[in-house]
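See below for the structure under consideration.
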Amino acid sequence: MEAFRFIVDHNVGKMAKWLRMMGYDTLFFSGGDDSSMVATALAQGRIILTRDGGIVKRRLVTRGRLEAILIEGDRIEAQMKQVIESLGLDIRFKPFSICLECNQPLEERSRQQVQDRVPPYVFKTQQQYMECPACGRIYWRGTHWQAMNRKLEQLVGEPQQEVD
Ligand SMILES: [Zn+2]
């Protein structure tokens, strides 16, 4: 499975969180000079996701030096479905590996290490934890994570799997 990397334009910004959820390295471009987004994509080998038709018409893209996908739908579900299907992305590429907020690789933590930093009910029920070294956010496979996963499964039409 290819390790696609992305840069997500501000006009489809919600996609960043979902791609990171699947484990794909995804930068968010907050707007401004499109040329800097194009330069970053080119330098780092990232695919641009955008609703800006001008970007996909740039010569770098039409000549195949840079890949950019023009996202068609308004809703996040349609947007994710489009990119998953057009690139053949794996919704379980590397789950639980990238911070949804800042795109940093997560690091494993023991229960003891996070004991004072997660709600008691979480500590009681969850065994596995990851921490973002950049923002300090702690992740576990709780209900929010499961809900996002189910939504991805629905998008690709996979039968629901048991989540422990
Ligand atoms: Zn983070």
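All residue names refer to the structure tokens as shown: chains lettered A, B, ... in order, residues numbered from 1 in each chain, ligands numbered from 1 in order.
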
For this session: Using only C-alpha atoms, determine which residues lie at most 12 Å from Ser86 (chain A), disregarding the query and same-chain residues fewer than 5 positions distant; provide the list as a PyMOL selection string.
Result: chain A and resi 49+68-71+79-81+156

Writing out the chosen residues with N, CA and C atoms as a compact mmCIF listing (two decimals), in the first residue's frame:
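Result file follows (result32.txt):
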# COMPACT_ATOMS: atom_id res chain seq x y z
N LEU A 49 -4.97 18.48 -2.48
CA LEU A 49 -6.43 18.32 -2.53
C LEU A 49 -7.03 19.70 -2.41
N ALA A 68 -2.55 16.85 -8.33
CA ALA A 68 -3.55 17.62 -7.61
C ALA A 68 -4.92 17.04 -7.95
N ILE A 69 -5.76 16.92 -6.95
CA ILE A 69 -7.10 16.38 -7.18
C ILE A 69 -8.13 17.48 -6.90
N LEU A 70 -8.97 17.73 -7.89
CA LEU A 70 -10.04 18.71 -7.72
C LEU A 70 -11.20 18.03 -7.00
N ILE A 71 -11.45 18.47 -5.78
CA ILE A 71 -12.49 17.85 -4.96
C ILE A 71 -13.85 18.42 -5.35
N GLN A 79 -16.38 14.14 -0.14
CA GLN A 79 -14.99 14.51 -0.41
C GLN A 79 -14.05 13.34 -0.11
N MET A 80 -14.28 12.69 1.04
CA MET A 80 -13.43 11.57 1.43
C MET A 80 -13.64 10.38 0.49
N LYS A 81 -14.89 10.16 0.13
CA LYS A 81 -15.20 9.05 -0.78
C LYS A 81 -14.45 9.24 -2.11
N VAL A 156 -16.74 3.48 2.46
CA VAL A 156 -16.19 2.52 1.49
C VAL A 156 -17.05 1.27 1.40

Exercise. Using only C-alpha atoms, which residues sit within 7 Å of Asp9 (chain A) once same-chain residues fewer than 6 positions away are excluded, as a PyMOL selection string?
Worked result: chain A and resi 28-30+49-50

Please identify all protein, DNA and RNA residues within 6 Å of ligand 1, counting only C-alpha atoms and all ligand atoms, and report them as a compact mmCIF listing (two decimals) with N, CA, C and O atoms, in the first residue's frame.
# COMPACT_ATOMS: atom_id res chain seq x y z
N CYS A 99 -1.11 12.55 14.91
CA CYS A 99 -1.96 13.48 15.65
C CYS A 99 -2.96 14.12 14.69
O CYS A 99 -2.58 14.68 13.66
N GLU A 101 -4.61 16.75 15.07
CA GLU A 101 -4.55 18.21 15.10
C GLU A 101 -3.29 18.76 14.44
O GLU A 101 -3.35 19.78 13.78
N CYS A 102 -2.13 18.11 14.67
CA CYS A 102 -0.91 18.74 14.16
C CYS A 102 -0.05 17.84 13.28
O CYS A 102 1.06 18.24 12.94
N GLN A 104 1.72 15.26 13.70
CA GLN A 104 2.96 14.67 14.21
C GLN A 104 2.76 13.17 14.44
O GLN A 104 1.67 12.77 14.82
N CYS A 132 0.84 12.79 21.44
CA CYS A 132 1.49 13.63 20.44
C CYS A 132 2.60 14.41 21.13
O CYS A 132 2.33 15.18 22.05
N ALA A 134 4.19 16.86 20.10
CA ALA A 134 4.14 18.30 19.80
C ALA A 134 3.10 19.03 20.64
O ALA A 134 3.40 20.03 21.28
N CYS A 135 1.87 18.52 20.68
CA CYS A 135 0.81 19.26 21.39
C CYS A 135 0.41 18.61 22.71
O CYS A 135 -0.35 19.19 23.48
N ARG A 137 -1.47 16.11 23.26
CA ARG A 137 -2.77 15.46 23.25
C ARG A 137 -2.61 13.94 23.39
O ARG A 137 -1.69 13.36 22.82

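The nearest approach to Gly54 (chain A) among the residues A:Phe96, A:Asp34, A:Met148, A:Ala78, with only C-alpha atoms taken into account, belongs to A:Asp34.
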
For this session: Name the residues of region 56-161 of chain A that come out as helix (DSSP H, G or I) in a backbone DSSP run; write them as a ChimeraX atom specification.
Result: /A:56,59-62,76-87,111-117,120-125,143-156

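Atom to atom, CA of Arg46 (chain A) and CA of Gly73 (chain A) stand 21.2 Å apart.
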
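The set of residues in chain A assigned to strand (DSSP E or B) by DSSP, using only backbone atoms of this structure, is Phe6, Ile7, Val8, Thr26, Leu27, Phe28, Ile47, Ile48, Leu49, Thr50, Ala68, Ile69, Leu70, Ile98, Pro105, Glu107, Glu108, Arg109, Tyr129, Met130, Glu131, Ile138 and Tyr139 of chain A.
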
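Nearest to Leu106 (chain A) of all the residues A:Gln154, A:Gly23, A:Ala3, A:Glu72 is A:Gly23, based on only C-alpha atoms.
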
For this session: Please provide the set of residues having any atom within 12 Å of Ser110 (chain A), restricted to only C-alpha atoms, with same-chain residues fewer than 5 positions apart removed, written as a list in words.
Result: Gln115, Asp116, Arg117, Phe123, Gln126, Gln127, Gln128, Tyr129, Met130, Glu131, Ile138, Tyr139 and Trp140 of chain A

Exercise. So how many Å separate CA of Thr62 (chain A) and CA of His10 (chain A), to one decimal?
Worked result: 21.8 Å

Problem set entry | Spatial neighbours of Ile76 (chain A), 9 Å, only C-alpha atoms, chain gap at least 5 places, as a list in words | Val12, Lys14, Met15 and Lys81 of chain A

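Checking A:Glu158, A:Gln113, A:Leu152, A:Ile98 one by one against Ile84 (chain A), counting only C-alpha atoms, you find the shortest gap at A:Leu152.
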
Problem set entry | Distance in Å - CA of Met37 (chain A) versus CA of Val8 (chain A) | 8.9 Å

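Taking only C-alpha atoms into account, Phe4 (chain A) lies nearest to A:Lys94 out of the set A:Ser35, A:Gly53, A:Arg75, A:Lys94.
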
Exercise. In terms of the shortest atom-to-atom distance over only C-alpha atoms, which of A:Leu66, A:Met21, A:Ile7, A:Val122 is closest to Gln146 (chain A)?
Worked result: A:Met21
